[in-house]
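So the structure is just underneath, and the comments pick up after that.
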Amino acid sequence: MTTVMERALQAGHSVLIENMGESIDAVLNPVITRSTFKKGRSIYVKIGDKDVEYNKHFKLFLHTKLSNPHYPPEIQAETTLINFTVTEQGLEDQLLALVVNKERPELEETKTQLIIQNSEFTIKLKQLEDELLYKLSTAEGDITEDVALIESLEESKRVATEISEKVIEARETETAINDSRNKYRPVAERGAMLFFLLNSLNKIHAFYQYSLNAFVTVFSRGIDQAPGSCRKQEQVTLRQLQKRLSGNAADFEEVIKKAKRQSSNTSGGVGSRLGSRRTTTQSGCMTPSGIPAASMTGEPIDEEEELEMTPDQLEARINTLLDTCTYTVYNYTRRGLFDRDKLIVLTLLTFQILLRSGRIDSVEYDALCKGARSAQPPPITDDLSRWMSEGQWAAVDALTTVPGFGSLAKDLEKSSDDWLNWCNNEAPERVAMPGEWSRMTEFKQLL
(Lines give C-alpha, C1' and ligand atoms only; values in the text may rest on other atoms or scores of the structure.)
Protein backbone atom coordinates (compact mmCIF):
# COMPACT_ATOMS: atom_id res chain seq x y z
CA MET A 1 0.00 0.00 0.00
CA THR A 2 2.85 2.37 0.78
CA THR A 3 4.31 2.00 -2.72
CA VAL A 4 0.94 2.64 -4.36
CA MET A 5 0.39 5.69 -2.16
CA GLU A 6 3.80 7.14 -3.03
CA ARG A 7 3.24 6.78 -6.77
CA ALA A 8 -0.25 8.26 -6.56
CA LEU A 9 0.98 11.23 -4.50
CA GLN A 10 3.66 12.03 -7.05
CA ALA A 11 1.46 11.54 -10.15
CA GLY A 12 -1.66 13.19 -8.72
CA HIS A 13 -3.82 10.06 -9.06
CA SER A 14 -6.75 9.09 -6.85
CA VAL A 15 -6.53 6.24 -4.34
CA LEU A 16 -9.49 4.25 -3.01
CA ILE A 17 -9.02 2.11 0.12
CA GLU A 18 -11.98 -0.24 0.60
CA ASN A 19 -13.45 -2.17 3.54
CA MET A 20 -11.69 -0.25 6.26
CA GLY A 21 -12.29 -0.93 9.92
CA GLU A 22 -12.46 1.62 12.72
CA SER A 23 -8.67 1.87 12.91
CA ILE A 24 -6.65 3.73 10.28
CA ASP A 25 -3.01 2.95 9.52
CA ALA A 26 -0.71 5.54 11.08
CA VAL A 27 1.10 5.86 7.75
CA LEU A 28 -1.97 7.58 6.31
CA ASN A 29 -2.25 10.20 9.05
CA PRO A 30 0.08 12.77 7.38
CA VAL A 31 -1.93 12.43 4.16
CA ILE A 32 -5.32 12.68 5.87
CA THR A 33 -4.30 15.63 8.04
CA ARG A 34 -2.54 17.29 5.04
CA SER A 35 0.72 17.62 6.97
CA THR A 36 2.73 18.99 4.04
CA PHE A 37 5.96 20.95 4.08
CA LYS A 38 7.92 22.83 1.44
CA LYS A 39 11.36 22.01 0.09
CA GLY A 40 12.58 24.50 -2.45
CA ARG A 41 9.75 25.01 -4.89
CA SER A 42 8.02 21.67 -4.24
CA ILE A 43 5.61 20.50 -1.58
CA TYR A 44 6.29 17.20 0.21
CA VAL A 45 4.49 14.90 2.63
CA LYS A 46 6.06 12.28 4.87
CA ILE A 47 5.06 8.66 4.19
CA GLY A 48 6.73 6.41 6.73
CA ASP A 49 10.40 7.42 6.71
CA LYS A 50 10.36 8.91 3.19
CA ASP A 51 9.56 12.39 1.95
CA VAL A 52 7.27 12.10 -1.06
CA GLU A 53 6.48 14.96 -3.42
CA TYR A 54 2.84 16.02 -3.08
CA ASN A 55 0.74 16.68 -6.17
CA LYS A 56 -2.24 19.00 -5.57
CA HIS A 57 -4.44 16.80 -7.79
CA PHE A 58 -4.06 13.79 -5.47
CA LYS A 59 -7.28 12.52 -3.84
CA LEU A 60 -7.80 9.86 -1.17
CA PHE A 61 -11.07 7.97 -0.69
CA LEU A 62 -11.66 5.79 2.37
CA HIS A 63 -14.50 3.25 2.23
CA THR A 64 -16.05 1.19 5.01
CA LYS A 65 -18.99 -1.17 5.19
CA LEU A 66 -19.56 -0.46 8.88
CA SER A 67 -23.06 0.89 9.50
CA ASN A 68 -22.00 3.22 12.35
CA PRO A 69 -18.20 3.63 12.43
CA HIS A 70 -16.47 5.62 15.18
CA TYR A 71 -13.37 7.50 14.06
CA PRO A 72 -11.33 9.99 16.10
CA PRO A 73 -12.51 13.62 15.95
CA GLU A 74 -9.34 14.73 14.16
CA ILE A 75 -10.05 12.27 11.34
CA GLN A 76 -13.65 13.42 10.97
CA ALA A 77 -12.54 17.07 10.98
CA GLU A 78 -10.13 16.52 8.08
CA THR A 79 -12.41 14.41 5.90
CA THR A 80 -15.79 14.73 4.23
CA LEU A 81 -18.13 11.97 5.39
CA ILE A 82 -20.66 10.70 2.83
CA ASN A 83 -23.24 8.23 4.07
CA PHE A 84 -24.50 5.94 1.31
CA THR A 85 -26.68 3.88 3.64
CA VAL A 86 -30.16 3.50 2.22
CA THR A 87 -32.93 5.31 4.08
CA GLU A 88 -36.52 4.16 4.34
CA GLN A 89 -37.82 7.12 2.32
CA GLY A 90 -35.15 6.64 -0.35
CA LEU A 91 -35.86 2.93 -0.62
CA GLU A 92 -39.58 3.66 -0.81
CA ASP A 93 -39.03 5.91 -3.84
CA GLN A 94 -36.92 3.24 -5.55
CA LEU A 95 -39.48 0.53 -4.88
CA LEU A 96 -42.23 2.83 -6.14
CA ALA A 97 -40.38 3.10 -9.45
CA LEU A 98 -40.08 -0.70 -9.50
CA VAL A 99 -43.78 -1.25 -8.81
CA VAL A 100 -44.95 1.32 -11.36
CA ASN A 101 -42.50 -0.03 -13.93
CA LYS A 102 -44.05 -3.48 -13.54
CA GLU A 103 -47.68 -2.40 -13.31
CA ARG A 104 -47.61 0.56 -15.70
CA PRO A 105 -44.26 0.71 -17.51
CA GLU A 106 -45.47 3.31 -20.00
CA LEU A 107 -46.21 5.71 -17.11
CA GLU A 108 -42.75 5.35 -15.60
CA GLU A 109 -41.10 5.72 -19.00
CA THR A 110 -43.04 8.93 -19.69
CA LYS A 111 -42.05 10.38 -16.31
CA THR A 112 -38.41 9.66 -17.11
CA GLN A 113 -38.75 11.38 -20.47
CA LEU A 114 -40.25 14.44 -18.77
CA ILE A 115 -37.34 14.59 -16.32
CA ILE A 116 -34.89 14.44 -19.21
CA GLN A 117 -36.81 17.14 -21.07
CA ASN A 118 -36.79 19.45 -18.03
CA SER A 119 -33.04 18.94 -17.61
CA GLU A 120 -32.40 19.77 -21.26
CA PHE A 121 -34.58 22.86 -21.03
CA THR A 122 -32.64 24.08 -18.01
CA ILE A 123 -29.34 23.56 -19.83
CA LYS A 124 -30.66 25.33 -22.93
CA LEU A 125 -31.78 28.35 -20.91
CA LYS A 126 -28.35 28.55 -19.32
CA GLN A 127 -26.67 28.38 -22.73
CA LEU A 128 -28.93 31.16 -24.08
CA GLU A 129 -28.11 33.32 -21.08
CA ASP A 130 -24.36 32.79 -21.48
CA GLU A 131 -24.56 33.41 -25.22
CA LEU A 132 -26.53 36.60 -24.68
CA LEU A 133 -24.03 37.93 -22.14
CA TYR A 134 -21.13 37.06 -24.43
CA LYS A 135 -22.65 38.92 -27.40
CA LEU A 136 -23.33 42.00 -25.30
CA SER A 137 -19.84 42.02 -23.84
CA THR A 138 -18.12 41.65 -27.23
CA ALA A 139 -20.35 44.09 -29.12
CA GLU A 140 -18.53 47.10 -30.58
CA GLY A 141 -19.89 50.58 -31.15
CA ASP A 142 -23.51 51.54 -30.59
CA ILE A 143 -25.45 48.31 -29.93
CA THR A 144 -28.72 50.02 -30.88
CA GLU A 145 -27.47 50.24 -34.46
CA ASP A 146 -26.22 46.63 -34.63
CA VAL A 147 -29.07 44.98 -36.54
CA ALA A 148 -27.57 41.47 -36.33
CA LEU A 149 -27.17 41.74 -32.57
CA ILE A 150 -30.73 43.02 -32.10
CA GLU A 151 -32.14 40.20 -34.23
CA SER A 152 -30.08 37.70 -32.29
CA LEU A 153 -31.38 39.10 -29.00
CA GLU A 154 -34.98 38.90 -30.25
CA GLU A 155 -34.48 35.30 -31.32
CA SER A 156 -32.94 34.40 -27.95
CA LYS A 157 -35.86 36.04 -26.19
CA ARG A 158 -38.36 34.11 -28.30
CA VAL A 159 -36.63 30.79 -27.67
CA ALA A 160 -36.32 31.50 -23.94
CA THR A 161 -40.02 32.37 -23.70
CA GLU A 162 -40.98 29.23 -25.59
CA ILE A 163 -38.78 27.05 -23.37
CA SER A 164 -40.20 28.65 -20.22
CA GLU A 165 -43.73 27.86 -21.36
CA LYS A 166 -42.76 24.26 -22.12
CA VAL A 167 -41.11 23.92 -18.71
CA ILE A 168 -44.30 25.08 -16.97
CA GLU A 169 -46.40 22.70 -19.06
CA ALA A 170 -44.02 19.81 -18.41
CA ARG A 171 -44.06 20.42 -14.66
CA GLU A 172 -47.85 20.46 -14.58
CA THR A 173 -47.95 17.22 -16.55
CA GLU A 174 -45.32 15.66 -14.30
CA THR A 175 -47.44 16.56 -11.27
CA ALA A 176 -50.40 14.72 -12.79
CA ILE A 177 -48.20 11.69 -13.49
CA ASN A 178 -46.87 11.73 -9.93
CA ASP A 179 -50.44 11.66 -8.65
CA SER A 180 -51.03 8.53 -10.74
CA ARG A 181 -47.80 6.93 -9.51
CA ASN A 182 -48.55 7.71 -5.87
CA LYS A 183 -51.60 5.45 -6.01
CA TYR A 184 -49.10 2.56 -5.88
CA ARG A 185 -47.11 4.12 -3.03
CA PRO A 186 -48.72 1.89 -0.32
CA VAL A 187 -47.03 -1.10 -1.97
CA ALA A 188 -43.67 0.70 -1.93
CA GLU A 189 -44.19 1.71 1.71
CA ARG A 190 -44.86 -1.91 2.65
CA GLY A 191 -41.72 -3.00 0.80
CA ALA A 192 -39.51 -0.44 2.57
CA MET A 193 -40.98 -1.46 5.93
CA LEU A 194 -40.29 -5.13 5.19
CA PHE A 195 -36.66 -4.52 4.27
CA PHE A 196 -35.88 -2.48 7.38
CA LEU A 197 -37.62 -5.12 9.48
CA LEU A 198 -35.38 -7.79 7.95
CA ASN A 199 -32.36 -5.52 8.36
CA SER A 200 -33.04 -5.31 12.11
CA LEU A 201 -33.21 -9.08 12.63
CA ASN A 202 -29.46 -9.20 13.25
CA LYS A 203 -30.30 -7.94 16.74
CA ILE A 204 -31.95 -11.32 17.34
CA HIS A 205 -29.08 -13.33 15.85
CA ALA A 206 -25.98 -12.33 13.92
CA PHE A 207 -26.78 -14.98 11.30
CA TYR A 208 -29.76 -13.00 10.03
CA GLN A 209 -28.21 -10.84 7.31
CA TYR A 210 -30.14 -9.78 4.19
CA SER A 211 -28.82 -7.85 1.19
CA LEU A 212 -30.83 -5.20 -0.61
CA ASN A 213 -30.36 -6.88 -3.99
CA ALA A 214 -31.74 -10.17 -2.70
CA PHE A 215 -34.69 -8.38 -1.11
CA VAL A 216 -35.54 -6.50 -4.33
CA THR A 217 -35.46 -9.81 -6.23
CA VAL A 218 -37.91 -11.41 -3.76
CA PHE A 219 -40.12 -8.31 -3.68
CA SER A 220 -40.21 -8.25 -7.49
CA ARG A 221 -41.19 -11.91 -7.48
CA GLY A 222 -44.09 -11.09 -5.17
CA ILE A 223 -45.38 -8.51 -7.66
CA ASP A 224 -45.14 -11.04 -10.49
CA GLN A 225 -46.99 -13.68 -8.49
CA ALA A 226 -49.89 -11.39 -7.58
CA PRO A 227 -53.06 -12.77 -9.21
CA GLY A 228 -54.75 -10.58 -11.78
CA SER A 229 -51.66 -9.44 -13.69
CA CYS A 230 -51.27 -10.20 -17.39
CA ARG A 231 -47.76 -8.84 -17.61
CA LYS A 232 -44.74 -10.89 -18.43
CA GLN A 233 -42.92 -11.98 -15.30
CA GLU A 234 -39.43 -10.52 -15.27
CA GLN A 235 -36.80 -10.22 -12.57
CA VAL A 236 -35.66 -6.59 -12.34
CA THR A 237 -32.97 -5.18 -10.07
CA LEU A 238 -32.75 -1.55 -9.05
CA ARG A 239 -29.66 -1.08 -11.21
CA GLN A 240 -31.37 -2.59 -14.26
CA LEU A 241 -34.40 -0.40 -13.60
CA GLN A 242 -32.23 2.71 -13.48
CA LYS A 243 -30.59 1.83 -16.80
CA ARG A 244 -33.94 1.02 -18.40
CA LEU A 245 -35.50 4.32 -17.38
CA SER A 246 -32.56 6.42 -18.57
CA GLY A 247 -32.18 7.31 -22.20
CA ASN A 248 -32.44 10.02 -24.81
CA ALA A 249 -35.25 12.53 -24.68
CA ALA A 250 -38.07 12.09 -27.14
CA ASP A 251 -39.98 14.83 -28.93
CA PHE A 252 -41.51 17.25 -26.40
CA GLU A 253 -44.95 17.42 -27.98
CA GLU A 254 -45.12 13.64 -28.22
CA VAL A 255 -44.07 13.17 -24.60
CA ILE A 256 -46.57 15.76 -23.31
CA LYS A 257 -49.40 14.29 -25.39
CA LYS A 258 -48.65 10.79 -24.15
CA ALA A 259 -48.31 11.94 -20.55
CA LYS A 260 -51.63 13.79 -20.59
CA ARG A 261 -53.38 10.77 -22.09
CA GLN A 262 -51.98 8.44 -19.43
CA SER A 263 -52.61 10.80 -16.51
CA SER A 264 -56.19 11.39 -17.65
CA ASN A 265 -56.77 7.63 -17.49
CA THR A 266 -56.21 7.74 -13.75
CA SER A 267 -57.76 11.08 -12.82
CA GLY A 268 -61.25 10.86 -14.33
CA GLY A 269 -62.67 7.85 -12.52
CA VAL A 270 -60.28 5.40 -14.10
CA GLY A 271 -57.70 3.98 -11.78
CA SER A 272 -55.10 2.38 -14.00
CA ARG A 273 -54.51 0.43 -17.13
CA LEU A 274 -53.52 -3.16 -17.37
CA GLY A 275 -52.01 -4.88 -20.35
CA SER A 276 -48.83 -4.71 -22.37
CA ARG A 277 -48.20 -4.17 -26.04
CA ARG A 278 -48.47 -7.81 -26.96
CA THR A 279 -51.15 -10.34 -27.87
CA THR A 280 -52.28 -12.97 -25.39
CA THR A 281 -54.56 -15.96 -25.62
CA GLN A 282 -56.85 -17.48 -23.03
CA SER A 283 -54.41 -19.06 -20.61
CA GLY A 284 -55.87 -18.40 -17.20
CA CYS A 285 -54.91 -14.70 -17.14
CA MET A 286 -57.68 -12.72 -15.46
CA THR A 287 -58.51 -9.06 -15.31
CA PRO A 288 -58.98 -7.45 -11.86
CA SER A 289 -62.75 -7.82 -12.18
CA GLY A 290 -62.44 -11.57 -12.72
CA ILE A 291 -63.14 -11.52 -16.48
CA PRO A 292 -60.76 -13.63 -18.59
CA ALA A 293 -58.27 -11.59 -20.58
CA ALA A 294 -59.18 -13.56 -23.68
CA SER A 295 -62.61 -14.15 -25.13
CA MET A 296 -64.62 -17.22 -24.24
CA THR A 297 -64.09 -18.58 -27.75
CA GLY A 298 -60.33 -18.67 -27.25
CA GLU A 299 -59.70 -15.88 -29.73
CA PRO A 300 -56.69 -13.73 -28.86
CA ILE A 301 -57.19 -10.16 -27.78
CA ASP A 302 -54.89 -7.29 -28.59
CA GLU A 303 -53.76 -5.69 -25.35
CA GLU A 304 -53.11 -2.48 -27.24
CA GLU A 305 -56.70 -1.79 -26.22
CA GLU A 306 -56.91 -0.19 -22.84
CA LEU A 307 -58.03 -2.47 -20.04
CA GLU A 308 -58.98 0.18 -17.54
CA MET A 309 -59.58 -0.28 -13.85
CA THR A 310 -62.12 1.61 -11.81
CA PRO A 311 -61.03 3.06 -8.45
CA ASP A 312 -62.52 0.03 -6.68
CA GLN A 313 -60.61 -2.34 -8.94
CA LEU A 314 -57.40 -0.37 -8.42
CA GLU A 315 -57.85 -0.57 -4.65
CA ALA A 316 -58.44 -4.32 -4.92
CA ARG A 317 -55.32 -4.64 -7.07
CA ILE A 318 -53.20 -2.72 -4.54
CA ASN A 319 -54.52 -4.88 -1.69
CA THR A 320 -53.63 -7.97 -3.72
CA LEU A 321 -50.10 -6.65 -4.27
CA LEU A 322 -49.75 -5.87 -0.56
CA ASP A 323 -50.83 -9.37 0.49
CA THR A 324 -48.77 -11.21 -2.11
CA CYS A 325 -45.57 -9.19 -1.60
CA THR A 326 -45.83 -9.45 2.19
CA TYR A 327 -46.38 -13.21 2.10
CA THR A 328 -43.59 -13.76 -0.46
CA VAL A 329 -41.04 -11.80 1.58
CA TYR A 330 -42.09 -13.48 4.84
CA ASN A 331 -41.99 -16.94 3.30
CA TYR A 332 -38.50 -16.21 1.96
CA THR A 333 -37.39 -15.00 5.39
CA ARG A 334 -39.04 -17.85 7.30
CA ARG A 335 -36.93 -20.51 5.59
CA GLY A 336 -33.75 -19.02 7.06
CA LEU A 337 -34.97 -18.58 10.64
CA PHE A 338 -34.50 -20.79 13.64
CA ASP A 339 -37.78 -22.31 14.85
CA ARG A 340 -37.60 -20.37 18.10
CA ASP A 341 -37.43 -17.05 16.19
CA LYS A 342 -40.23 -17.59 13.66
CA LEU A 343 -43.02 -16.50 15.99
CA ILE A 344 -41.00 -13.44 17.04
CA VAL A 345 -40.52 -12.30 13.44
CA LEU A 346 -44.15 -12.97 12.57
CA THR A 347 -45.27 -10.95 15.60
CA LEU A 348 -42.98 -8.05 14.70
CA LEU A 349 -44.28 -8.08 11.14
CA THR A 350 -47.91 -8.14 12.27
CA PHE A 351 -47.51 -5.29 14.72
CA GLN A 352 -45.60 -3.17 12.19
CA ILE A 353 -48.39 -3.58 9.65
CA LEU A 354 -51.01 -2.70 12.27
CA LEU A 355 -49.04 0.34 13.42
CA ARG A 356 -48.51 1.64 9.88
CA SER A 357 -52.19 1.22 9.07
CA GLY A 358 -53.25 3.03 12.26
CA ARG A 359 -55.25 0.07 13.54
CA ILE A 360 -53.38 0.10 16.85
CA ASP A 361 -51.99 3.02 18.83
CA SER A 362 -48.25 3.41 19.39
CA VAL A 363 -48.79 4.18 23.10
CA GLU A 364 -50.72 0.95 23.58
CA TYR A 365 -48.07 -0.96 21.63
CA ASP A 366 -45.32 0.43 23.87
CA ALA A 367 -47.34 -0.56 26.93
CA LEU A 368 -47.59 -4.12 25.62
CA CYS A 369 -43.87 -4.39 24.80
CA LYS A 370 -42.55 -2.79 27.98
CA GLY A 371 -45.01 -4.35 30.40
CA ALA A 372 -44.42 -1.52 32.85
CA ARG A 373 -45.28 -1.85 36.52
CA SER A 374 -46.01 0.95 38.92
CA ALA A 375 -43.28 1.52 41.51
CA GLN A 376 -45.74 2.54 44.22
CA PRO A 377 -49.18 1.12 43.45
CA PRO A 378 -52.10 1.79 45.83
CA PRO A 379 -52.90 -0.90 48.42
CA ILE A 380 -54.67 -3.91 46.96
CA THR A 381 -58.06 -4.86 48.38
CA ASP A 382 -58.67 -8.11 50.25
CA ASP A 383 -61.00 -9.45 47.54
CA LEU A 384 -58.39 -8.90 44.81
CA SER A 385 -55.52 -10.24 46.89
CA ARG A 386 -57.22 -13.68 46.97
CA TRP A 387 -56.52 -14.26 43.27
CA MET A 388 -54.16 -11.45 42.17
CA SER A 389 -50.52 -10.98 43.14
CA GLU A 390 -48.86 -7.70 44.09
CA GLY A 391 -46.92 -7.70 40.83
CA GLN A 392 -50.10 -8.07 38.77
CA TRP A 393 -51.74 -5.25 40.68
CA ALA A 394 -48.71 -3.02 40.02
CA ALA A 395 -49.04 -3.81 36.29
CA VAL A 396 -52.75 -2.92 36.39
CA ASP A 397 -51.94 0.40 38.07
CA ALA A 398 -49.38 1.20 35.36
CA LEU A 399 -51.92 0.32 32.66
CA THR A 400 -54.36 2.89 34.03
CA THR A 401 -52.07 5.63 32.67
CA VAL A 402 -52.80 4.47 29.11
CA PRO A 403 -55.76 6.29 27.50
CA GLY A 404 -58.92 4.20 27.74
CA PHE A 405 -57.82 2.19 30.82
CA GLY A 406 -58.21 4.83 33.54
CA SER A 407 -61.13 3.04 35.21
CA LEU A 408 -59.70 -0.47 35.02
CA ALA A 409 -58.43 -0.62 38.63
CA LYS A 410 -61.71 0.65 40.07
CA ASP A 411 -63.71 -1.78 37.96
CA LEU A 412 -61.56 -4.66 39.20
CA GLU A 413 -62.25 -3.66 42.78
CA LYS A 414 -65.97 -3.21 42.13
CA SER A 415 -66.54 -6.42 40.14
CA SER A 416 -63.93 -8.66 41.68
CA ASP A 417 -66.05 -11.83 41.45
CA ASP A 418 -66.84 -11.33 37.75
CA TRP A 419 -63.16 -10.83 36.92
CA LEU A 420 -62.25 -13.88 39.03
CA ASN A 421 -64.68 -16.07 37.09
CA TRP A 422 -63.32 -14.73 33.82
CA CYS A 423 -59.71 -15.43 34.83
CA ASN A 424 -60.57 -18.98 35.95
CA ASN A 425 -61.72 -19.96 32.46
CA GLU A 426 -59.46 -22.39 30.61
CA ALA A 427 -59.37 -20.04 27.62
CA PRO A 428 -60.32 -16.55 28.90
CA GLU A 429 -59.30 -14.97 25.59
CA ARG A 430 -62.29 -16.71 23.97
CA VAL A 431 -64.78 -15.55 26.61
CA ALA A 432 -66.31 -12.07 26.75
CA MET A 433 -64.69 -9.81 29.32
CA PRO A 434 -66.83 -8.49 32.19
CA GLY A 435 -68.85 -5.32 31.72
CA GLU A 436 -68.07 -2.75 29.03
CA TRP A 437 -64.57 -4.13 28.49
CA SER A 438 -65.92 -6.76 26.11
CA ARG A 439 -66.66 -3.99 23.58
CA MET A 440 -63.01 -2.98 23.30
CA THR A 441 -60.84 -3.95 20.36
CA GLU A 442 -59.00 -7.26 20.48
CA PHE A 443 -55.65 -5.51 20.92
CA LYS A 444 -56.89 -3.53 23.92
CA GLN A 445 -58.30 -6.71 25.41
CA LEU A 446 -54.85 -8.23 24.95
CA LEU A 447 -53.40 -5.47 27.11
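Going by the C-alpha coordinates order, chains are called A, B, ..., each with residues numbered from 1, while ligands are numbered from 1 in the order shown.
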Subject >> Residues within 12 Å of Leu212 (chain A), only C-alpha atoms, excluding chain neighbours under 4 positions, as a VMD selection string >> reply: chain A and resid 85 to 87 91 94 to 95 191 to 192 194 to 196 198 to 199 216 to 219 237 to 239
**OP:** Mind listing the alpha helix (DSSP H) residues of region 122-161 of chain A, per DSSP on the backbone, as a ChimeraX atom specification?
**Re:** /A:122-138,147-161
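For region 164-168 of chain A, the non-local neighbours within 9 Å, defined as residues at least 4 positions apart in the same chain or in other chains and counting only C-alpha atoms, are Gln117, Asn118, Phe121, Thr122, Leu125, Val159, Ala160, Glu172, Thr173 and Phe252 of chain A.
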Would you output that residue set with N, CA, C and O atoms, as a short mmCIF file (atom, residue, chain, number, x, y, z; two decimals), in the first residue's frame?
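Now in again-v6.cif:
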data_model
loop_
_atom_site.label_atom_id
_atom_site.label_comp_id
_atom_site.auth_asym_id
_atom_site.auth_seq_id
_atom_site.Cartn_x
_atom_site.Cartn_y
_atom_site.Cartn_z
N GLN A 117 -36.44 15.92 -20.36
CA GLN A 117 -36.81 17.14 -21.07
C GLN A 117 -36.58 18.37 -20.19
O GLN A 117 -36.03 19.38 -20.64
N ASN A 118 -36.98 18.31 -18.93
CA ASN A 118 -36.79 19.45 -18.03
C ASN A 118 -35.31 19.76 -17.84
O ASN A 118 -34.91 20.93 -17.78
N PHE A 121 -34.09 21.48 -20.97
CA PHE A 121 -34.58 22.86 -21.03
C PHE A 121 -33.77 23.77 -20.12
O PHE A 121 -33.45 24.91 -20.48
N THR A 122 -33.45 23.28 -18.94
CA THR A 122 -32.64 24.08 -18.01
C THR A 122 -31.27 24.37 -18.58
O THR A 122 -30.75 25.49 -18.49
N LEU A 125 -31.61 27.00 -21.42
CA LEU A 125 -31.78 28.35 -20.91
C LEU A 125 -30.46 28.93 -20.41
O LEU A 125 -30.17 30.11 -20.63
N VAL A 159 -36.92 32.17 -28.05
CA VAL A 159 -36.63 30.79 -27.67
C VAL A 159 -36.74 30.62 -26.16
O VAL A 159 -37.29 29.62 -25.67
N ALA A 160 -36.25 31.60 -25.40
CA ALA A 160 -36.32 31.50 -23.94
C ALA A 160 -37.76 31.50 -23.46
O ALA A 160 -38.14 30.75 -22.55
N GLU A 172 -46.46 20.77 -14.88
CA GLU A 172 -47.85 20.46 -14.58
C GLU A 172 -48.19 19.03 -14.96
O GLU A 172 -48.89 18.31 -14.22
N THR A 173 -47.69 18.60 -16.12
CA THR A 173 -47.95 17.22 -16.55
C THR A 173 -47.26 16.22 -15.64
O THR A 173 -47.82 15.17 -15.30
N PHE A 252 -40.78 16.67 -27.54
CA PHE A 252 -41.51 17.25 -26.40
C PHE A 252 -43.01 17.12 -26.58
O PHE A 252 -43.72 16.70 -25.67
#
Subject >> A:Lys203, A:Arg171, A:Lys135, A:Arg190 ranked by distance to Gln352 (chain A), top pick (using only C-alpha atoms) >> reply: A:Arg190
**OP:** With a distance cut-off of 12 Å and only C-alpha atoms, select the neighbouring residues of Asp25 (chain A), excluding the residue or stretch itself and same-chain residues fewer than 4 positions from it, and output the selection as a count of residues only.
**Re:** 13
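The nearest approach to Thr400 (chain A) among the residues A:Ala176, A:Met193, A:Ala372, A:Ala148, with only C-alpha atoms taken into account, belongs to A:Ala372.
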**OP:** Could you jot down the CA of Ser374 (chain A) to CA of Ala395 (chain A) separation for me, Å, one decimal place?
**Re:** 6.2 Å
